[in-house]
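The next block is final01.pdb, given as PDB, C-alpha atoms.
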```
ATOM      1  CA  MET Y   1    -161.692 110.038 102.343
ATOM      2  CA  GLU Y   2    -161.720 107.289  99.775
ATOM      3  CA  GLY Y   3    -163.236 103.897 100.460
ATOM      4  CA  LEU Y   4    -159.801 102.390 101.127
ATOM      5  CA  GLN Y   5    -159.066 104.845 103.938
ATOM      6  CA  ILE Y   6    -162.554 104.434 105.390
ATOM      7  CA  ARG Y   7    -162.162 100.664 105.522
ATOM      8  CA  LEU Y   8    -158.609 100.841 106.870
ATOM      9  CA  ARG Y   9    -159.933 102.866 109.798
ATOM     10  CA  LYS Y  10    -162.045  99.835 110.719
ATOM     11  CA  ILE Y  11    -158.786  97.877 111.048
ATOM     12  CA  LEU Y  12    -156.238 100.436 112.293
ATOM     13  CA  ARG Y  13    -157.545 102.504 115.199
ATOM     14  CA  SER Y  14    -157.553 106.130 114.020
ATOM     15  CA  GLU Y  15    -156.211 107.522 117.308
ATOM     16  CA  THR Y  16    -153.014 105.466 117.178
ATOM     17  CA  GLY Y  17    -152.749 104.015 113.676
ATOM     18  CA  ARG Y  18    -152.311 100.628 115.344
ATOM     19  CA  SER Y  19    -154.401  97.513 115.644
ATOM     20  CA  LEU Y  20    -155.209  94.580 117.905
ATOM     21  CA  VAL Y  21    -156.601  91.872 115.649
ATOM     22  CA  VAL Y  22    -157.845  88.524 116.931
ATOM     23  CA  ALA Y  23    -157.543  85.642 114.464
ATOM     24  CA  ILE Y  24    -159.962  82.714 114.482
ATOM     25  CA  ASP Y  25    -159.196  81.373 110.996
ATOM     26  CA  HIS Y  26    -157.162  78.417 112.285
ATOM     27  CA  GLY Y  27    -159.996  75.946 111.880
ATOM     28  CA  MET Y  28    -159.762  76.013 108.084
ATOM     29  CA  ALA Y  29    -156.571  73.933 108.309
ATOM     30  CA  LEU Y  30    -156.559  72.578 111.866
ATOM     31  CA  GLY Y  31    -160.228  71.927 112.576
ATOM     32  CA  PRO Y  32    -161.846  72.600 115.984
ATOM     33  CA  MET Y  33    -159.176  73.670 118.482
ATOM     34  CA  ALA Y  34    -159.358  74.404 122.182
ATOM     35  CA  GLY Y  35    -160.485  77.995 122.511
ATOM     36  CA  ILE Y  36    -162.364  78.138 119.210
ATOM     37  CA  ILE Y  37    -164.446  74.973 119.285
ATOM     38  CA  ASP Y  38    -167.445  77.242 119.842
ATOM     39  CA  THR Y  39    -166.420  80.327 117.886
ATOM     40  CA  ARG Y  40    -169.673  82.134 118.532
ATOM     41  CA  ASN Y  41    -169.067  82.036 122.285
ATOM     42  CA  THR Y  42    -165.396  82.989 121.934
ATOM     43  CA  VAL Y  43    -166.253  85.988 119.778
ATOM     44  CA  LYS Y  44    -169.022  87.194 122.090
ATOM     45  CA  ARG Y  45    -166.822  86.868 125.153
ATOM     46  CA  LEU Y  46    -163.761  88.636 123.767
ATOM     47  CA  ASP Y  47    -165.559  91.252 121.698
ATOM     48  CA  ALA Y  48    -167.536  92.299 124.761
ATOM     49  CA  THR Y  49    -164.305  93.750 126.181
ATOM     50  CA  GLY Y  50    -164.376  96.460 123.510
ATOM     51  CA  LEU Y  51    -160.642  95.946 123.017
ATOM     52  CA  VAL Y  52    -160.609  93.996 119.756
ATOM     53  CA  ASP Y  53    -160.112  96.292 116.755
ATOM     54  CA  ALA Y  54    -160.778  93.625 114.139
ATOM     55  CA  TRP Y  55    -161.291  89.900 113.609
ATOM     56  CA  LEU Y  56    -159.580  87.675 111.028
ATOM     57  CA  LEU Y  57    -161.850  84.803 110.027
ATOM     58  CA  THR Y  58    -163.076  82.629 107.178
ATOM     59  CA  LYS Y  59    -166.292  82.994 105.219
ATOM     60  CA  GLY Y  60    -167.876  79.970 106.906
ATOM     61  CA  ILE Y  61    -167.328  81.331 110.406
ATOM     62  CA  LEU Y  62    -168.376  84.828 109.324
ATOM     63  CA  ARG Y  63    -171.698  83.414 108.188
ATOM     64  CA  TYR Y  64    -172.401  80.829 110.881
ATOM     65  CA  GLY Y  65    -170.175  81.423 113.915
ATOM     66  CA  PHE Y  66    -169.596  85.157 114.289
ATOM     67  CA  GLU Y  67    -171.741  87.225 116.653
ATOM     68  CA  PRO Y  68    -169.649  90.096 118.024
ATOM     69  CA  ALA Y  69    -170.901  92.204 120.898
ATOM     70  CA  GLY Y  70    -169.834  95.432 119.187
ATOM     71  CA  LYS Y  71    -168.975  96.598 115.686
ATOM     72  CA  PRO Y  72    -165.373  95.500 115.124
ATOM     73  CA  GLY Y  73    -163.561  95.471 111.811
ATOM     74  CA  ILE Y  74    -163.812  92.276 109.793
ATOM     75  CA  ILE Y  75    -160.966  90.780 107.751
ATOM     76  CA  MET Y  76    -162.143  87.805 105.706
ATOM     77  CA  ARG Y  77    -159.549  85.281 104.613
ATOM     78  CA  ILE Y  78    -159.999  84.378 100.959
ATOM     79  CA  SER Y  79    -157.160  81.901 100.498
ATOM     80  CA  GLY Y  80    -156.984  78.329 101.747
ATOM     81  CA  GLY Y  81    -157.765  74.849 100.508
ATOM     82  CA  ALA Y  82    -155.150  72.838 102.437
ATOM     83  CA  THR Y  83    -155.174  71.141 105.838
ATOM     84  CA  ILE Y  84    -152.615  69.808 108.280
ATOM     85  CA  LEU Y  85    -153.506  66.269 107.149
ATOM     86  CA  GLY Y  86    -152.901  66.935 103.469
ATOM     87  CA  PRO Y  87    -149.664  66.447 101.532
ATOM     88  CA  GLU Y  88    -148.700  70.131 101.417
ATOM     89  CA  LEU Y  89    -150.008  72.855 103.729
ATOM     90  CA  THR Y  90    -148.610  75.606 101.492
ATOM     91  CA  ARG Y  91    -150.711  74.606  98.501
ATOM     92  CA  GLU Y  92    -153.298  77.322  98.971
ATOM     93  CA  GLY Y  93    -155.668  78.603  96.334
ATOM     94  CA  LEU Y  94    -158.360  81.251  96.303
ATOM     95  CA  THR Y  95    -161.422  80.208  98.289
ATOM     96  CA  ALA Y  96    -163.509  83.354  97.867
ATOM     97  CA  THR Y  97    -163.606  86.605  95.889
ATOM     98  CA  VAL Y  98    -163.322  90.204  97.009
ATOM     99  CA  GLU Y  99    -166.908  90.718  95.908
ATOM    100  CA  GLU Y 100    -168.035  87.804  98.064
ATOM    101  CA  ALA Y 101    -166.211  89.289 101.049
ATOM    102  CA  LEU Y 102    -167.887  92.649 100.534
ATOM    103  CA  ALA Y 103    -171.292  91.008 100.234
ATOM    104  CA  ALA Y 104    -170.618  89.208 103.524
ATOM    105  CA  GLY Y 105    -169.855  92.504 105.281
ATOM    106  CA  ALA Y 106    -166.061  92.344 105.429
ATOM    107  CA  ASP Y 107    -163.961  95.504 105.665
ATOM    108  CA  ALA Y 108    -160.782  93.868 104.331
ATOM    109  CA  VAL Y 109    -159.548  90.580 102.922
ATOM    110  CA  ALA Y 110    -156.507  88.419 103.667
ATOM    111  CA  ALA Y 111    -154.501  85.931 101.631
ATOM    112  CA  SER Y 112    -151.316  83.970 102.263
ATOM    113  CA  ALA Y 113    -148.046  84.037 100.375
ATOM    114  CA  PHE Y 114    -145.695  81.132 101.131
ATOM    115  CA  ILE Y 115    -142.256  82.525 100.358
ATOM    116  CA  GLY Y 116    -139.578  79.892  99.806
ATOM    117  CA  SER Y 117    -142.102  77.054  99.541
ATOM    118  CA  PRO Y 118    -142.906  74.817  96.558
ATOM    119  CA  TYR Y 119    -146.001  76.972  96.007
ATOM    120  CA  GLU Y 120    -144.321  80.361  96.266
ATOM    121  CA  HIS Y 121    -145.174  81.266  92.664
ATOM    122  CA  ASP Y 122    -148.815  80.209  92.882
ATOM    123  CA  THR Y 123    -149.525  82.001  96.142
ATOM    124  CA  LEU Y 124    -147.758  85.204  95.086
ATOM    125  CA  VAL Y 125    -149.645  85.315  91.795
ATOM    126  CA  ASN Y 126    -152.869  84.790  93.727
ATOM    127  CA  LEU Y 127    -151.936  87.658  96.042
ATOM    128  CA  ALA Y 128    -151.275  89.948  93.085
ATOM    129  CA  ARG Y 129    -154.569  89.025  91.441
ATOM    130  CA  ILE Y 130    -156.462  89.691  94.653
ATOM    131  CA  ALA Y 131    -154.700  93.066  94.953
ATOM    132  CA  ASP Y 132    -156.039  93.999  91.521
ATOM    133  CA  ARG Y 133    -159.613  93.220  92.564
ATOM    134  CA  CYS Y 134    -159.086  95.052  95.847
ATOM    135  CA  ARG Y 135    -158.032  98.194  93.952
ATOM    136  CA  ARG Y 136    -161.233  98.024  91.936
ATOM    137  CA  TRP Y 137    -163.357  98.108  95.111
ATOM    138  CA  ASN Y 138    -161.014 100.065  97.440
ATOM    139  CA  VAL Y 139    -160.724  97.107  99.818
ATOM    140  CA  PRO Y 140    -157.601  96.729 102.004
ATOM    141  CA  LEU Y 141    -155.579  93.554 101.477
ATOM    142  CA  LEU Y 142    -153.706  91.867 104.331
ATOM    143  CA  GLY Y 143    -150.825  89.834 102.943
ATOM    144  CA  VAL Y 144    -150.147  86.935 105.310
ATOM    145  CA  VAL Y 145    -146.574  85.639 105.288
ATOM    146  CA  GLY Y 146    -147.099  81.874 105.476
ATOM    147  CA  LEU Y 147    -144.428  79.353 106.371
ATOM    148  CA  GLY Y 148    -145.811  75.831 106.345
ATOM    149  CA  LYS Y 149    -143.768  72.984 107.806
ATOM    150  CA  ILE Y 150    -140.618  73.432 105.716
ATOM    151  CA  ASN Y 151    -139.793  77.016 106.689
ATOM    152  CA  GLU Y 152    -140.857  76.915 110.337
ATOM    153  CA  GLU Y 153    -137.392  77.815 111.620
ATOM    154  CA  LYS Y 154    -137.076  80.759 109.223
ATOM    155  CA  LYS Y 155    -139.540  82.790 111.275
ATOM    156  CA  LYS Y 156    -136.595  83.658 113.548
ATOM    157  CA  ASP Y 157    -134.477  84.968 110.651
ATOM    158  CA  PRO Y 158    -134.909  88.745 110.139
ATOM    159  CA  ARG Y 159    -133.430  88.559 106.638
ATOM    160  CA  PHE Y 160    -135.982  85.981 105.538
ATOM    161  CA  MET Y 161    -138.825  87.849 107.196
ATOM    162  CA  ALA Y 162    -137.731  91.194 105.725
ATOM    163  CA  LEU Y 163    -137.664  89.650 102.263
ATOM    164  CA  SER Y 164    -141.071  88.034 102.767
ATOM    165  CA  ALA Y 165    -142.751  91.195 104.059
ATOM    166  CA  ARG Y 166    -141.306  93.272 101.229
ATOM    167  CA  VAL Y 167    -142.366  90.742  98.608
ATOM    168  CA  ALA Y 168    -145.942  90.698  99.936
ATOM    169  CA  ALA Y 169    -146.082  94.501  99.734
ATOM    170  CA  GLU Y 170    -144.533  94.501  96.252
ATOM    171  CA  HIS Y 171    -147.319  92.186  95.092
ATOM    172  CA  GLY Y 172    -149.988  94.587  96.299
ATOM    173  CA  ALA Y 173    -150.686  94.045 100.013
ATOM    174  CA  ASP Y 174    -151.814  97.135 101.946
ATOM    175  CA  LEU Y 175    -150.931  95.517 105.278
ATOM    176  CA  VAL Y 176    -148.543  92.653 105.971
ATOM    177  CA  LYS Y 177    -148.779  90.029 108.696
ATOM    178  CA  ALA Y 178    -145.272  88.732 109.455
ATOM    179  CA  TYR Y 179    -143.521  86.948 112.289
ATOM    180  CA  TYR Y 180    -141.660  88.850 114.974
ATOM    181  CA  THR Y 181    -137.928  88.217 115.123
ATOM    182  CA  GLU Y 182    -136.285  88.981 118.441
ATOM    183  CA  GLU Y 183    -133.211  90.306 116.648
ATOM    184  CA  GLY Y 184    -133.293  92.699 113.718
ATOM    185  CA  PHE Y 185    -137.055  93.149 113.560
ATOM    186  CA  GLU Y 186    -136.662  96.833 112.790
ATOM    187  CA  LYS Y 187    -135.142  95.778 109.442
ATOM    188  CA  VAL Y 188    -138.356  93.932 108.613
ATOM    189  CA  VAL Y 189    -140.382  97.087 109.230
ATOM    190  CA  VAL Y 190    -138.026  99.549 107.532
ATOM    191  CA  GLY Y 191    -137.897  97.440 104.379
ATOM    192  CA  CYS Y 192    -141.679  97.136 104.090
ATOM    193  CA  PRO Y 193    -143.536 100.187 102.690
ATOM    194  CA  VAL Y 194    -146.871  99.220 104.285
ATOM    195  CA  PRO Y 195    -147.812  98.662 107.949
ATOM    196  CA  VAL Y 196    -146.544  95.421 109.487
ATOM    197  CA  LEU Y 197    -148.639  93.504 112.013
ATOM    198  CA  ILE Y 198    -146.946  90.612 113.753
ATOM    199  CA  ALA Y 199    -148.387  87.124 113.846
ATOM    200  CA  GLY Y 200    -149.163  85.805 117.308
ATOM    201  CA  GLY Y 201    -147.352  82.633 116.339
ATOM    202  CA  PRO Y 202    -147.339  79.356 118.289
ATOM    203  CA  ARG Y 203    -148.603  79.357 121.854
ATOM    204  CA  CYS Y 204    -146.200  81.177 124.197
ATOM    205  CA  GLU Y 205    -145.335  79.466 127.469
ATOM    206  CA  THR Y 206    -146.848  82.254 129.572
ATOM    207  CA  ASP Y 207    -149.008  85.326 129.085
ATOM    208  CA  LEU Y 208    -146.038  87.447 130.143
ATOM    209  CA  ASP Y 209    -144.020  85.959 127.274
ATOM    210  CA  THR Y 210    -146.803  87.053 124.926
ATOM    211  CA  LEU Y 211    -146.632  90.585 126.302
ATOM    212  CA  LYS Y 212    -142.850  90.673 125.909
ATOM    213  CA  MET Y 213    -143.242  89.638 122.269
ATOM    214  CA  ILE Y 214    -145.827  92.341 121.610
ATOM    215  CA  TYR Y 215    -143.741  95.016 123.331
ATOM    216  CA  GLY Y 216    -140.606  94.049 121.411
ATOM    217  CA  ALA Y 217    -142.506  94.189 118.136
ATOM    218  CA  MET Y 218    -143.991  97.598 118.875
ATOM    219  CA  GLN Y 219    -140.557  98.930 119.840
ATOM    220  CA  GLY Y 220    -139.311  97.622 116.490
ATOM    221  CA  GLY Y 221    -141.952  99.544 114.573
ATOM    222  CA  ALA Y 222    -144.833  97.077 114.217
ATOM    223  CA  ARG Y 223    -148.294  98.591 113.933
ATOM    224  CA  GLY Y 224    -150.008  95.883 115.948
ATOM    225  CA  ILE Y 225    -150.594  92.169 116.221
ATOM    226  CA  VAL Y 226    -152.813  89.489 114.746
ATOM    227  CA  MET Y 227    -153.095  87.092 117.675
ATOM    228  CA  GLY Y 228    -154.907  83.785 117.868
ATOM    229  CA  ARG Y 229    -154.183  80.904 120.221
ATOM    230  CA  ASN Y 230    -152.095  83.073 122.538
ATOM    231  CA  VAL Y 231    -155.266  84.906 123.517
ATOM    232  CA  TRP Y 232    -158.116  82.406 123.152
ATOM    233  CA  GLN Y 233    -156.092  79.576 124.698
ATOM    234  CA  SER Y 234    -154.925  81.769 127.572
ATOM    235  CA  PRO Y 235    -156.281  80.947 131.044
ATOM    236  CA  HIS Y 236    -157.239  84.636 131.310
ATOM    237  CA  PRO Y 237    -158.036  85.862 127.774
ATOM    238  CA  GLU Y 238    -159.843  89.057 128.767
ATOM    239  CA  ALA Y 239    -157.021  90.103 131.085
ATOM    240  CA  LEU Y 240    -154.440  89.371 128.393
ATOM    241  CA  LEU Y 241    -156.408  91.406 125.861
ATOM    242  CA  ALA Y 242    -156.429  94.376 128.231
ATOM    243  CA  ALA Y 243    -152.666  94.150 128.737
ATOM    244  CA  ALA Y 244    -151.983  93.748 125.012
ATOM    245  CA  TYR Y 245    -154.243  96.697 124.271
ATOM    246  CA  GLY Y 246    -152.309  98.723 126.817
ATOM    247  CA  ILE Y 247    -149.021  98.071 125.023
ATOM    248  CA  ILE Y 248    -150.385  98.654 121.532
ATOM    249  CA  HIS Y 249    -152.631 101.663 122.083
ATOM    250  CA  GLN Y 250    -151.587 103.182 125.405
ATOM    251  CA  GLY Y 251    -147.807 102.842 125.328
ATOM    252  CA  LEU Y 252    -147.455 100.604 128.369
ATOM    253  CA  ASP Y 253    -144.146  98.870 128.936
ATOM    254  CA  VAL Y 254    -143.867  95.190 129.857
ATOM    255  CA  LYS Y 255    -143.946  95.787 133.606
ATOM    256  CA  GLU Y 256    -146.976  98.059 133.403
ATOM    257  CA  ALA Y 257    -148.749  95.607 131.115
ATOM    258  CA  GLY Y 258    -147.843  92.725 133.408
ATOM    259  CA  ASP Y 259    -149.246  94.586 136.403
ATOM    260  CA  LEU Y 260    -152.450  95.263 134.480
ATOM    261  CA  LEU Y 261    -152.643  91.589 133.531
ATOM    262  CA  GLU Y 262    -152.438  90.539 137.181
ATOM    263  CA  GLU Y 263    -154.949  93.181 138.210
ATOM    264  CA  ARG Y 264    -157.487  92.072 135.578
ATOM    265  CA  LYS Y 265    -157.115  88.401 136.560
ATOM    266  CA  GLN Y 266    -158.727  89.144 139.914
TER
END
```
Spell out the structure here as C-alpha cells.
Amino acid sequence: MEGLQIRLRKILRSETGRSLVVAIDHGMALGPMAGIIDTRNTVKRLDATGLVDAWLLTKGILRYGFEPAGKPGIIMRISGGATILGPELTREGLTATVEEALAAGADAVAASAFIGSPYEHDTLVNLARIADRCRRWNVPLLGVVGLGKINEEKKKDPRFMALSARVAAEHGADLVKAYYTEEGFEKVVVGCPVPVLIAGGPRCETDLDTLKMIYGAMQGGARGIVMGRNVWQSPHPEALLAAAYGIIHQGLDVKEAGDLLEERKQ
C-alpha cells in the first residue's frame, strides 16, 4: 500500500470502509462551548469507548488539549482565521501547512471551501493548493463544505449540496464533508467521486433525531459522519456514540440503534 492508503485506513475503518469522526474544531471560530470547554477531558472520555475512528481538530488543541485513550486517526484542520464575531465567517485562509500537520502527528488534513460565498474563489484556490501539497506527501485531504451565515438554508437543498461536494472533489479533496439533505441525498453521493461524510450540523432536538439523520445518510450512500455538538453536548454522549457506531459499522436500523441507546443510558 502507498502512504495515502495507509493513512486513509486510520480514518475509514478497513472492515467497513466507513468512519465515525468526532469534531472538536468548533472553538477556532466559536470559542469555548459547552461540551468542549475542557477538550482534554472530552477526548479522554469519548475515546475511551473505542468507538471513535478519528478526531477532527485544530493544531492548538492537538498540541495542548488532545489526550486520547487509544490510537484514533487524527485529521488536523489547516484552514481558518475567522470567528463568529468578525465581519465575514467565510473569509478563511490557510492556518497551517501539510508539513506542519505531519510533524504534529496528523494522519490527514482538512480545509473548508465556502461555495456560493463572497470568498468562494479564495477558499477553493486554497483547497486546490493544499491538495497539491497533500499529493507530495500522500496525505488524505478532507474537503469541508462550509456555509457561513448567508447560505445556511442551502444545506437542505440537494442540488446545492451536490454541486458543492463535486466541486470540492474536483479541486482535489480525497474525502468530502457535506450536509445531509433529507430529500435527494443520494444525488449528492452519486455525483461525488470520493467518499462523502455528513456533517453533524446544528444540535438536533433529541438523540433519536441524530440517529435518524445518520441512518438516512447511510441509506443514501454516505460513508460516515463527522459529528460534533450532537455528541459532546448530548446528555448521554457515550450511549449515543455506541448507537451511531451501530448504524455506521454494524448495519443497525433506527429502532435497533434507539434500543441500544436506551440500553447504554442505564
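With all atoms listed in the file as the basis for measurement, Y:Leu94 is the residue among Y:Ile115, Y:Ala239, Y:Leu94, Y:Leu4 that approaches Y:Ala82 most closely.
Among the candidates Y:Gly105, Y:Gly116, Y:Gly70, Y:Gly148, the residue lying nearest to Y:Thr83 is Y:Gly148 (atoms considered: all atoms listed in the file).
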(request) Fewer than 6 positions away in the same chain doesn't count, so skip those; otherwise give me all residues within 12 Å of Y:Arg223, counting all atoms listed in the file, as a PyMOL selection string. (result) chain Y and resi 11-14+16-21+175-178+180+186+189+192+194-199+214-217+247-249
Dump C-alpha atoms for the selected residues as an mmCIF file, keeping the file's coordinate frame?
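The result, stored in result-v2.cif:
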```cif
data_model
loop_
_atom_site.group_PDB
_atom_site.id
_atom_site.type_symbol
_atom_site.label_atom_id
_atom_site.label_comp_id
_atom_site.auth_asym_id
_atom_site.auth_seq_id
_atom_site.Cartn_x
_atom_site.Cartn_y
_atom_site.Cartn_z
ATOM 1 C CA ILE Y 11 -158.786 97.877 111.048
ATOM 2 C CA LEU Y 12 -156.238 100.436 112.293
ATOM 3 C CA ARG Y 13 -157.545 102.504 115.199
ATOM 4 C CA SER Y 14 -157.553 106.130 114.020
ATOM 5 C CA THR Y 16 -153.014 105.466 117.178
ATOM 6 C CA GLY Y 17 -152.749 104.015 113.676
ATOM 7 C CA ARG Y 18 -152.311 100.628 115.344
ATOM 8 C CA SER Y 19 -154.401 97.513 115.644
ATOM 9 C CA LEU Y 20 -155.209 94.580 117.905
ATOM 10 C CA VAL Y 21 -156.601 91.872 115.649
ATOM 11 C CA LEU Y 175 -150.931 95.517 105.278
ATOM 12 C CA VAL Y 176 -148.543 92.653 105.971
ATOM 13 C CA LYS Y 177 -148.779 90.029 108.696
ATOM 14 C CA ALA Y 178 -145.272 88.732 109.455
ATOM 15 C CA TYR Y 180 -141.660 88.850 114.974
ATOM 16 C CA GLU Y 186 -136.662 96.833 112.790
ATOM 17 C CA VAL Y 189 -140.382 97.087 109.230
ATOM 18 C CA CYS Y 192 -141.679 97.136 104.090
ATOM 19 C CA VAL Y 194 -146.871 99.220 104.285
ATOM 20 C CA PRO Y 195 -147.812 98.662 107.949
ATOM 21 C CA VAL Y 196 -146.544 95.421 109.487
ATOM 22 C CA LEU Y 197 -148.639 93.504 112.013
ATOM 23 C CA ILE Y 198 -146.946 90.612 113.753
ATOM 24 C CA ALA Y 199 -148.387 87.124 113.846
ATOM 25 C CA ILE Y 214 -145.827 92.341 121.610
ATOM 26 C CA TYR Y 215 -143.741 95.016 123.331
ATOM 27 C CA GLY Y 216 -140.606 94.049 121.411
ATOM 28 C CA ALA Y 217 -142.506 94.189 118.136
ATOM 29 C CA ILE Y 247 -149.021 98.071 125.023
ATOM 30 C CA ILE Y 248 -150.385 98.654 121.532
ATOM 31 C CA HIS Y 249 -152.631 101.663 122.083
#
```
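Atom CA of Y:Ala103 sits 18.8 Å away from atom CA of Y:Gln5.
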Find the nearest atom pair between each residue of stretch 90-179 of chain Y and stretch 42-57 of chain Y for residues within 10 Å, count only C-alpha atoms, give distances in Å to one decimal, sort rows by chain and ascending number, and present the table as CSV.
```
residue,atom,partner,partner_atom,distance
Y:Ala106,CA,Y:Leu56,CA,9.8
Y:Asp107,CA,Y:Ala54,CA,9.2
Y:Ala108,CA,Y:Leu56,CA,9.2
Y:Val109,CA,Y:Leu56,CA,8.6
Y:Ala110,CA,Y:Leu56,CA,8.0
Y:Leu142,CA,Y:Leu56,CA,9.8
```
Generate the output file for the selected residues, C-alpha atoms, as a short mmCIF file (atom, residue, chain, number, x, y, z; two decimals), in the coordinates of the input.
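Final output, selection_9.cif:
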```cif
data_model
loop_
_atom_site.label_atom_id
_atom_site.label_comp_id
_atom_site.auth_asym_id
_atom_site.auth_seq_id
_atom_site.Cartn_x
_atom_site.Cartn_y
_atom_site.Cartn_z
CA ALA Y 106 -166.06 92.34 105.43
CA ASP Y 107 -163.96 95.50 105.66
CA ALA Y 108 -160.78 93.87 104.33
CA VAL Y 109 -159.55 90.58 102.92
CA ALA Y 110 -156.51 88.42 103.67
CA LEU Y 142 -153.71 91.87 104.33
#
```
Would you pull stretch 240-254 of chain Y out of the block just shown and save N, CA and C atoms as a PDB file, in the first residue's frame?
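Generated file (selection.pdb):
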```pdb
ATOM      1  N   LEU Y 240     -24.826   7.548  22.924  1.00  0.00           N
ATOM      2  CA  LEU Y 240     -25.098   7.990  21.553  1.00  0.00           C
ATOM      3  C   LEU Y 240     -24.003   7.514  20.599  1.00  0.00           C
ATOM      4  N   LEU Y 241     -22.759   7.553  21.046  1.00  0.00           N
ATOM      5  CA  LEU Y 241     -21.666   7.052  20.223  1.00  0.00           C
ATOM      6  C   LEU Y 241     -21.870   5.578  19.887  1.00  0.00           C
ATOM      7  N   ALA Y 242     -22.268   4.792  20.876  1.00  0.00           N
ATOM      8  CA  ALA Y 242     -22.486   3.366  20.645  1.00  0.00           C
ATOM      9  C   ALA Y 242     -23.588   3.135  19.616  1.00  0.00           C
ATOM     10  N   ALA Y 243     -24.662   3.906  19.706  1.00  0.00           N
ATOM     11  CA  ALA Y 243     -25.772   3.759  18.768  1.00  0.00           C
ATOM     12  C   ALA Y 243     -25.373   4.220  17.372  1.00  0.00           C
ATOM     13  N   ALA Y 244     -24.641   5.317  17.283  1.00  0.00           N
ATOM     14  CA  ALA Y 244     -24.171   5.807  15.984  1.00  0.00           C
ATOM     15  C   ALA Y 244     -23.216   4.807  15.353  1.00  0.00           C
ATOM     16  N   TYR Y 245     -22.334   4.273  16.157  1.00  0.00           N
ATOM     17  CA  TYR Y 245     -21.398   3.244  15.680  1.00  0.00           C
ATOM     18  C   TYR Y 245     -22.161   2.041  15.132  1.00  0.00           C
ATOM     19  N   GLY Y 246     -23.232   1.675  15.834  1.00  0.00           N
ATOM     20  CA  GLY Y 246     -24.032   0.539  15.402  1.00  0.00           C
ATOM     21  C   GLY Y 246     -24.634   0.745  14.025  1.00  0.00           C
ATOM     22  N   ILE Y 247     -25.099   1.960  13.748  1.00  0.00           N
ATOM     23  CA  ILE Y 247     -25.662   2.258  12.429  1.00  0.00           C
ATOM     24  C   ILE Y 247     -24.572   2.266  11.369  1.00  0.00           C
ATOM     25  N   ILE Y 248     -23.472   2.915  11.661  1.00  0.00           N
ATOM     26  CA  ILE Y 248     -22.413   3.101  10.664  1.00  0.00           C
ATOM     27  C   ILE Y 248     -21.660   1.815  10.367  1.00  0.00           C
ATOM     28  N   HIS Y 249     -21.284   1.079  11.401  1.00  0.00           N
ATOM     29  CA  HIS Y 249     -20.406  -0.074  11.203  1.00  0.00           C
ATOM     30  C   HIS Y 249     -21.084  -1.433  11.348  1.00  0.00           C
ATOM     31  N   GLN Y 250     -22.264  -1.464  11.965  1.00  0.00           N
ATOM     32  CA  GLN Y 250     -22.901  -2.759  12.202  1.00  0.00           C
ATOM     33  C   GLN Y 250     -24.244  -2.908  11.502  1.00  0.00           C
ATOM     34  N   GLY Y 251     -24.658  -1.905  10.749  1.00  0.00           N
ATOM     35  CA  GLY Y 251     -25.875  -2.009   9.965  1.00  0.00           C
ATOM     36  C   GLY Y 251     -27.164  -1.965  10.747  1.00  0.00           C
ATOM     37  N   LEU Y 252     -27.152  -1.378  11.941  1.00  0.00           N
ATOM     38  CA  LEU Y 252     -28.386  -1.287  12.714  1.00  0.00           C
ATOM     39  C   LEU Y 252     -29.359  -0.314  12.062  1.00  0.00           C
ATOM     40  N   ASP Y 253     -30.651  -0.587  12.215  1.00  0.00           N
ATOM     41  CA  ASP Y 253     -31.641   0.380  11.766  1.00  0.00           C
ATOM     42  C   ASP Y 253     -31.944   1.333  12.917  1.00  0.00           C
ATOM     43  N   VAL Y 254     -32.856   2.278  12.697  1.00  0.00           N
ATOM     44  CA  VAL Y 254     -33.113   3.304  13.704  1.00  0.00           C
ATOM     45  C   VAL Y 254     -33.665   2.702  14.987  1.00  0.00           C
TER      46      VAL Y 254
END
```
